[in-house]
There are 2 protein chains.
Amino acid sequence: MRRTKAEAEETRNSILHAAERVFYEKGVSNATLDDVAKAAGVTRGAIYWHFANKTDLFLELYNSVSLPLEDMIARDIEQPASGVLAFIEKLTVDWLDELASDEHRQRIFTILLRCSYGGDLMPVLERQQEVDDRHLASLESAFARARNEGHLNENWTPHSATRALWWMVGGLCTEWLLFGRRFDLAAEGRDGLKRLFASFRPATIDIEAPADVHSIA
Amino acid sequence: MRRTKAEAEETRNSILHAAERVFYEKGVSNATLDDVAKAAGVTRGAIYWHFANKTDLFLELYNSVSLPLEDMIARDIEQPASGVLAFIEKLTVDWLDELASDEHRQRIFTILLRCSYGGDLMPVLERQQEVDDRHLASLESAFARARNEGHLNENWTPHSATRALWWMVGGLCTEWLLFGRRFDLAAEGRDGLKRLFASFRPATIDIEAPADVHSIA
DNA sequence: ATTCTAACATACACACTTGTTTGTATAGTT
DNA sequence: AACTATACAAACAAGTGTGTATGTTAGAAT
């Protein structure tokens with residue numbers, strides 16, 4: 001039953017997709033390789049051909065997800081300094097929108113949130129920490145630039161604003177993913193971010209803006 | 001080896017404590033009942049005498065943790081309306097302090113965060129959702145009172161303030177617990193909450209306060 | 001003092017999962 | 001056309017955890 005290379009790559013992908021679904025539904029440690037095999041329409045032999053073992057399959061699945069957030073954040077250096085805060089806000093909102101519409105990424109994140117990281121999954125944890133730390137550093141430097149230009153409210157520091165944003169987005173996504181997506185992630189996130197970023201901005205008296213404060217509601 | 005009732009209750013508790021440690025270290029599904037038994041200094045027979053199975057043991061462990069947050073929040077109804085925001089802030093800070101100093105609760109929460117909730121653990125998830133919903137409703141009504149008294153900044157609504165606070169605290173604790181407690185939970189939390197609550201308050205011109213803004217830094 | 005039973009320990013049977021090994025048909029290679 | 005490595009399927013071997021059944025001892029009841 002030797003398949004062509006394209007077909008082999010196809011079965012490898014189908015195994016990865018099946019693993020994503022099965023890991024998401026049953027949890028990584030509760031899922032059996034036979035579950036994955038059946039979901040992919042193959043036998044365990046195929047899995048052991050393409051992957052060394054379950055941990056390796058999980059790592060490959062983790063590697064297969066692209067993390068465009070890094071690129072997005074990296075670009076903020078080149079953005080005009082005047083709108084740093086607006087840029088970060090848009091970036092975050094866009095990221096939430098993408099998560100809300102990408103079931104693939106939803107499942108991956110949920111799997112990562114629910115898995116134990118005990119023993120052989122340590123490299124995943126460490127890589128994730130490292131990525132997070134880079135994101136936090138990027139964000140904090142962006143907030144620092146905003147402050148230096150006088151665009152950051154004095155209530156906040158670059159560090160505290162970074163953490164507040166990070167924790168709020170993290171908490172939002174965690175609750176949404178772990179508790180059955182019981183609300184509109186994009187809408188609630190957009191609203192919360194709008195208000196948080198409003199508090200980030202200095203309390204300037206809106207000189208040029210018309211004073212129709214009530215029209216918002 | 002028949003023991004007295006007090007001794008039996010003692011072994012039951014030792015089993016619960018061992019389960020807490022073992023579940024925390026190896027994850028619920030990766031932990032063996034024999035691991036728990038050995039950690040408790042008994043055999044699996046003792047566990048099966050006191051508990052029906054692993055799921056039941058986990059549920060009993062979950063039930064054994066007291067959730068004083070409910071009482072704390074319930075009392076806010078009786079607080080003076082003038083300081084609702086300050087009261088909520090203090091409540092949250094106190095709760096963080098308690099979590100930071102109570103390793104028992106840290107382990108329980110970590111276990112809950114890391115476990116899969118697949119299949120037979122559904123009741124736990126549902127109960128937790130229900131508890132969370134009550135907390136959120138309490139918080140939101142408190143914020144509503146603050147707004148009615150004119151103590152809530154117009155940038156925020158009771159709903160959005162509740163969610164922002166909830167998500168920020170949740171994200172804070174989640175990161176702290178899952179990523180190895182790499183920062184000072186109480187200090188960072190207190191600082192972040194201070195700034196968030198500052199943005200909750202209306203931007204009153206501090207008439208009576210001396211204008212030494214720079215002395216803070 | 002005897003009996004009963006709570007509170008375990010021990011032993012066993014069973015299912016399940018993993019990893020490996022063997023088989024096999026076919027795509028590519030010469 | 002023959003050969004070989006590929007891409008799996010199928011069978012096998014071994015370990016592991018669970019649930020239960022049985023054994024044992026000492027507190028408690030009469």
# chains A, B, ... in the order shown; residues from 1 in each chain; ligands from 1
$ closest_atom_pairs --of "chain A" --to "chain D" --cutoff "10 Å" --atoms "only C-alpha atoms (C1' of nucleotides)" --output "Markdown table"
| residue | atom | partner | partner_atom | distance |
| --- | --- | --- | --- | --- |
| A:Met1 | CA | D:DC8 | C1' | 6.5 |
| A:Arg2 | CA | D:DA7 | C1' | 4.8 |
| A:Arg3 | CA | D:DA7 | C1' | 6.1 |
| A:Thr4 | CA | D:DA7 | C1' | 8.6 |
| A:Lys5 | CA | D:DT6 | C1' | 9.0 |
| A:Glu7 | CA | D:DA7 | C1' | 9.5 |
| A:Ala8 | CA | D:DA7 | C1' | 7.0 |
| A:Thr11 | CA | D:DA7 | C1' | 9.9 |
| A:Val42 | CA | D:DA9 | C1' | 8.7 |
| A:Thr43 | CA | D:DA9 | C1' | 6.8 |
| A:Arg44 | CA | D:DA9 | C1' | 8.7 |
| A:Gly45 | CA | D:DC8 | C1' | 6.5 |
| A:Ala46 | CA | D:DC8 | C1' | 5.5 |
| A:Ile47 | CA | D:DC8 | C1' | 9.2 |
| A:Tyr48 | CA | D:DC8 | C1' | 9.7 |
| A:Trp49 | CA | D:DC8 | C1' | 7.6 |
| A:His50 | CA | D:DA7 | C1' | 9.3 |
$ interface_residues --of "chain C" --to "chain B" --cutoff "9 Å" --atoms "only C-alpha atoms (C1' of nucleotides)" --output "VMD selection string"
chain C and resid 6 to 10
$ interface_residues --of "chain B" --to "chain A" --cutoff "9 Å" --atoms "only C-alpha atoms" --output "ChimeraX atom specification"
/B:25-30,113-119,125,129,155-156,160-161,163-175,179,188,191-193,195-196,198-200,203
$ calpha_fit_and_write --fixed "chain A" --moving "chain B" --output "short mmCIF file (atom, residue, chain, number, x, y, z; two decimals) with C-alpha atoms, in the first residue's frame"
data_model
loop_
_atom_site.label_atom_id
_atom_site.label_comp_id
_atom_site.auth_asym_id
_atom_site.auth_seq_id
_atom_site.Cartn_x
_atom_site.Cartn_y
_atom_site.Cartn_z
CA MET B 1 0.26 0.03 0.22
CA ARG B 2 3.14 2.28 -0.53
CA ARG B 3 1.81 5.78 -1.24
CA THR B 4 3.34 8.60 -3.20
CA LYS B 5 5.14 11.28 -1.24
CA ALA B 6 2.27 13.71 -1.67
CA GLU B 7 -0.15 11.16 -0.31
CA ALA B 8 2.11 10.44 2.63
CA GLU B 9 2.31 14.12 3.48
CA GLU B 10 -1.46 14.17 3.20
CA THR B 11 -1.89 11.40 5.75
CA ARG B 12 0.61 13.13 8.02
CA ASN B 13 -1.49 16.26 7.88
CA SER B 14 -4.68 14.32 8.41
CA ILE B 15 -3.11 12.79 11.50
CA LEU B 16 -2.19 16.24 12.78
CA HIS B 17 -5.71 17.52 12.14
CA ALA B 18 -7.23 14.48 13.82
CA ALA B 19 -4.90 14.93 16.78
CA GLU B 20 -6.02 18.52 17.07
CA ARG B 21 -9.67 17.52 17.19
CA VAL B 22 -9.18 14.55 19.51
CA PHE B 23 -6.83 16.36 21.89
CA TYR B 24 -9.30 19.20 22.01
CA GLU B 25 -12.23 16.96 22.79
CA LYS B 26 -10.68 14.50 25.23
CA GLY B 27 -7.63 16.30 26.56
CA VAL B 28 -4.09 15.37 25.67
CA SER B 29 -3.50 12.76 28.34
CA ASN B 30 -6.93 11.21 28.06
CA ALA B 31 -6.69 10.85 24.32
CA THR B 32 -5.46 7.55 22.92
CA LEU B 33 -3.27 7.21 19.89
CA ASP B 34 -5.90 4.82 18.65
CA ASP B 35 -8.50 7.56 19.00
CA VAL B 36 -6.34 9.80 16.85
CA ALA B 37 -5.72 7.03 14.36
CA LYS B 38 -9.41 6.24 14.00
CA ALA B 39 -10.27 9.92 13.67
CA ALA B 40 -7.68 10.18 10.92
CA GLY B 41 -8.84 7.02 9.20
CA VAL B 42 -5.54 5.20 9.68
CA THR B 43 -4.04 2.82 12.22
CA ARG B 44 -1.54 3.48 14.96
CA GLY B 45 1.14 2.18 12.65
CA ALA B 46 0.80 5.27 10.52
CA ILE B 47 1.16 7.51 13.53
CA TYR B 48 4.25 5.68 14.73
CA TRP B 49 5.69 5.97 11.25
CA HIS B 50 5.32 9.74 11.11
CA PHE B 51 5.85 10.53 14.77
CA ALA B 52 7.97 9.02 17.50
CA ASN B 53 5.24 8.93 20.13
CA LYS B 54 2.36 10.93 21.55
CA THR B 55 4.58 13.62 23.01
CA ASP B 56 6.30 14.10 19.69
CA LEU B 57 2.94 14.29 17.94
CA PHE B 58 1.85 16.95 20.40
CA LEU B 59 5.04 18.94 19.90
CA GLU B 60 4.67 18.79 16.11
CA LEU B 61 1.08 19.94 16.46
CA TYR B 62 2.26 22.82 18.62
CA ASN B 63 4.95 23.73 16.11
CA SER B 64 2.48 23.62 13.25
CA VAL B 65 0.56 26.63 14.52
CA SER B 66 1.83 29.93 13.23
CA LEU B 67 2.20 32.71 15.72
CA PRO B 68 1.68 35.85 13.64
CA LEU B 69 1.42 37.93 16.78
CA GLU B 70 5.19 38.14 16.80
CA ASP B 71 5.33 39.70 13.37
CA MET B 72 2.49 42.02 14.22
CA ILE B 73 4.22 43.27 17.31
CA ALA B 74 7.59 43.54 15.61
CA ARG B 75 6.14 46.02 13.15
CA ASP B 76 5.12 48.49 15.82
CA ILE B 77 8.67 49.80 15.94
CA GLU B 78 8.15 51.28 12.51
CA GLN B 79 4.83 52.85 13.29
CA PRO B 80 4.50 56.61 13.71
CA ALA B 81 5.03 57.55 17.32
CA SER B 82 1.94 59.70 17.44
CA GLY B 83 -0.44 56.78 17.29
CA VAL B 84 1.38 54.15 19.28
CA LEU B 85 -1.51 53.56 21.65
CA ALA B 86 -4.05 53.44 18.86
CA PHE B 87 -1.80 51.04 17.02
CA ILE B 88 -1.45 48.69 19.98
CA GLU B 89 -5.19 48.80 20.50
CA LYS B 90 -5.90 47.97 16.88
CA LEU B 91 -3.31 45.22 16.98
CA THR B 92 -4.95 43.65 20.00
CA VAL B 93 -8.44 43.99 18.58
CA ASP B 94 -7.30 42.43 15.32
CA TRP B 95 -5.71 39.59 17.20
CA LEU B 96 -8.94 38.95 19.11
CA ASP B 97 -10.93 39.07 15.88
CA GLU B 98 -8.64 36.52 14.35
CA LEU B 99 -8.90 34.21 17.35
CA ALA B 100 -12.67 34.58 17.33
CA SER B 101 -12.88 33.50 13.71
CA ASP B 102 -10.16 30.85 13.57
CA GLU B 103 -11.40 27.62 15.08
CA HIS B 104 -8.06 26.00 14.42
CA ARG B 105 -6.27 28.41 16.70
CA GLN B 106 -9.07 28.24 19.25
CA ARG B 107 -8.57 24.51 19.57
CA ILE B 108 -4.79 24.77 19.82
CA PHE B 109 -4.97 27.39 22.54
CA THR B 110 -7.60 25.43 24.42
CA ILE B 111 -5.44 22.34 24.27
CA LEU B 112 -2.48 24.30 25.57
CA LEU B 113 -4.55 25.81 28.36
CA ARG B 114 -5.89 22.49 29.47
CA CYS B 115 -2.79 20.35 29.32
CA SER B 116 -0.70 19.53 32.29
CA TYR B 117 2.85 20.28 31.17
CA GLY B 118 4.00 17.59 33.55
CA GLY B 119 7.34 15.97 32.83
CA ASP B 120 7.93 15.53 29.13
CA LEU B 121 5.95 18.56 28.01
CA MET B 122 8.31 21.00 29.69
CA PRO B 123 9.87 22.24 26.44
CA VAL B 124 6.47 23.49 25.34
CA LEU B 125 6.03 25.47 28.52
CA GLU B 126 9.49 26.96 28.31
CA ARG B 127 9.07 27.99 24.70
CA GLN B 128 5.76 29.59 25.48
CA GLN B 129 7.24 31.54 28.38
CA GLU B 130 10.03 32.73 26.15
CA VAL B 131 7.61 33.87 23.45
CA ASP B 132 5.46 35.61 26.03
CA ASP B 133 8.46 37.39 27.48
CA ARG B 134 9.39 38.74 24.06
CA HIS B 135 5.85 39.96 23.49
CA LEU B 136 5.79 41.65 26.87
CA ALA B 137 9.12 43.36 26.22
CA SER B 138 7.89 44.59 22.83
CA LEU B 139 4.70 45.92 24.34
CA GLU B 140 6.49 47.61 27.18
CA SER B 141 8.92 49.37 24.88
CA ALA B 142 6.00 50.58 22.80
CA PHE B 143 4.28 51.95 25.89
CA ALA B 144 7.55 53.55 26.92
CA ARG B 145 7.66 55.37 23.62
CA ALA B 146 4.11 56.51 24.13
CA ARG B 147 4.99 57.85 27.54
CA ASN B 148 8.08 59.66 26.26
CA GLU B 149 5.91 61.40 23.72
CA GLY B 150 3.49 62.40 26.43
CA HIS B 151 0.75 60.09 25.23
CA LEU B 152 0.51 57.96 28.37
CA ASN B 153 -1.68 58.94 31.27
CA GLU B 154 0.28 59.55 34.45
CA ASN B 155 -1.77 56.96 36.27
CA TRP B 156 0.03 54.33 34.26
CA THR B 157 3.61 53.32 33.68
CA PRO B 158 4.82 51.37 30.66
CA HIS B 159 5.22 48.34 32.87
CA SER B 160 1.84 48.56 34.56
CA ALA B 161 0.02 49.33 31.32
CA THR B 162 1.69 46.36 29.64
CA ARG B 163 0.70 44.03 32.43
CA ALA B 164 -2.84 45.35 32.68
CA LEU B 165 -3.37 44.88 28.96
CA TRP B 166 -1.72 41.47 28.97
CA TRP B 167 -3.66 40.16 31.93
CA MET B 168 -6.96 41.51 30.71
CA VAL B 169 -6.58 39.98 27.27
CA GLY B 170 -5.30 36.77 28.79
CA GLY B 171 -8.16 36.55 31.25
CA LEU B 172 -10.65 37.38 28.55
CA CYS B 173 -9.43 34.67 26.21
CA THR B 174 -8.99 32.12 28.96
CA GLU B 175 -12.54 32.53 30.18
CA TRP B 176 -13.89 32.50 26.66
CA LEU B 177 -12.02 29.39 25.64
CA LEU B 178 -12.34 27.36 28.82
CA PHE B 179 -15.93 28.17 29.62
CA GLY B 180 -17.59 27.39 26.35
CA ARG B 181 -17.42 30.69 24.47
CA ARG B 182 -20.47 32.01 26.21
CA PHE B 183 -20.09 35.57 25.00
CA ASP B 184 -19.00 37.49 21.92
CA LEU B 185 -15.22 37.56 22.23
CA ALA B 186 -14.65 40.18 19.55
CA ALA B 187 -17.38 42.53 20.74
CA GLU B 188 -16.67 42.27 24.46
CA GLY B 189 -12.95 42.47 23.87
CA ARG B 190 -13.27 45.50 21.63
CA ASP B 191 -15.42 47.28 24.18
CA GLY B 192 -13.17 46.47 27.13
CA LEU B 193 -10.05 47.47 25.23
CA LYS B 194 -11.64 50.72 24.14
CA ARG B 195 -12.25 51.68 27.73
CA LEU B 196 -8.90 50.47 29.00
CA PHE B 197 -7.06 52.41 26.30
CA ALA B 198 -9.18 55.46 27.07
CA SER B 199 -7.74 55.30 30.57
CA PHE B 200 -4.25 54.89 29.12
CA ARG B 201 -4.52 58.20 27.30
CA PRO B 202 -3.80 61.45 29.13
CA ALA B 203 -6.92 63.23 30.31
CA THR B 204 -6.64 66.04 27.80
CA ILE B 205 -9.48 68.49 27.72
CA ASP B 206 -10.99 67.84 24.31
CA ILE B 207 -10.72 71.36 22.99
CA GLU B 208 -11.74 70.78 19.41
CA ALA B 209 -14.25 68.02 20.03
CA PRO B 210 -17.92 68.89 20.43
CA ALA B 211 -19.12 68.23 23.96
CA ASP B 212 -21.90 65.78 23.21
CA VAL B 213 -20.94 63.34 25.90
CA HIS B 214 -24.38 61.88 26.16
CA SER B 215 -24.70 60.82 22.56
CA ILE B 216 -22.50 57.81 23.24
CA ALA B 217 -25.06 56.07 25.42
#
$ select_by_dssp --residues "chain B" --states "helix (DSSP H, G or I)" --output "ChimeraX atom specification"
/B:5-26,33-40,44-50,54-64,69-78,81-101,103-114,122-148,158-178,185-200,213-216
$ decode --residues "chain C" --atoms "C-alpha atoms (C1' of nucleotides)" --output "PDB file, in the first residue's frame"
ATOM      1  C1'  DA C   1     -16.079 -13.023  76.658  1.00  0.00           C
ATOM      2  C1'  DT C   2     -17.925 -13.358  72.318  1.00  0.00           C
ATOM      3  C1'  DT C   3     -19.567 -11.557  68.141  1.00  0.00           C
ATOM      4  C1'  DC C   4     -19.833  -8.287  64.739  1.00  0.00           C
ATOM      5  C1'  DT C   5     -18.143  -5.017  61.804  1.00  0.00           C
ATOM      6  C1'  DA C   6     -15.373  -0.900  60.604  1.00  0.00           C
ATOM      7  C1'  DA C   7     -11.042   0.017  58.489  1.00  0.00           C
ATOM      8  C1'  DC C   8      -8.045  -1.120  56.144  1.00  0.00           C
ATOM      9  C1'  DA C   9      -4.110  -4.485  53.415  1.00  0.00           C
ATOM     10  C1'  DT C  10      -3.394  -7.862  49.940  1.00  0.00           C
ATOM     11  C1'  DA C  11      -4.159 -10.337  45.843  1.00  0.00           C
ATOM     12  C1'  DC C  12      -6.224 -10.961  41.477  1.00  0.00           C
ATOM     13  C1'  DA C  13      -8.540 -10.404  37.080  1.00  0.00           C
ATOM     14  C1'  DC C  14      -9.324  -7.394  33.479  1.00  0.00           C
ATOM     15  C1'  DA C  15      -9.003  -3.778  30.168  1.00  0.00           C
ATOM     16  C1'  DC C  16      -6.240  -0.596  28.117  1.00  0.00           C
ATOM     17  C1'  DT C  17      -2.212   1.634  26.101  1.00  0.00           C
ATOM     18  C1'  DT C  18       2.123   1.721  24.441  1.00  0.00           C
ATOM     19  C1'  DG C  19       6.014   0.395  21.653  1.00  0.00           C
ATOM     20  C1'  DT C  20       7.819  -2.894  18.534  1.00  0.00           C
ATOM     21  C1'  DT C  21       7.918  -6.214  15.127  1.00  0.00           C
ATOM     22  C1'  DT C  22       6.481  -8.369  11.179  1.00  0.00           C
ATOM     23  C1'  DG C  23       4.019  -8.390   6.877  1.00  0.00           C
ATOM     24  C1'  DT C  24       2.940  -6.268   2.370  1.00  0.00           C
ATOM     25  C1'  DA C  25       1.905  -3.775  -1.561  1.00  0.00           C
ATOM     26  C1'  DT C  26       3.353  -0.206  -4.283  1.00  0.00           C
ATOM     27  C1'  DA C  27       6.009   4.066  -5.858  1.00  0.00           C
ATOM     28  C1'  DG C  28      10.278   5.162  -7.356  1.00  0.00           C
ATOM     29  C1'  DT C  29      14.889   3.734  -9.128  1.00  0.00           C
ATOM     30  C1'  DT C  30      18.200   1.582 -12.125  1.00  0.00           C
TER      31       DT C  30
END
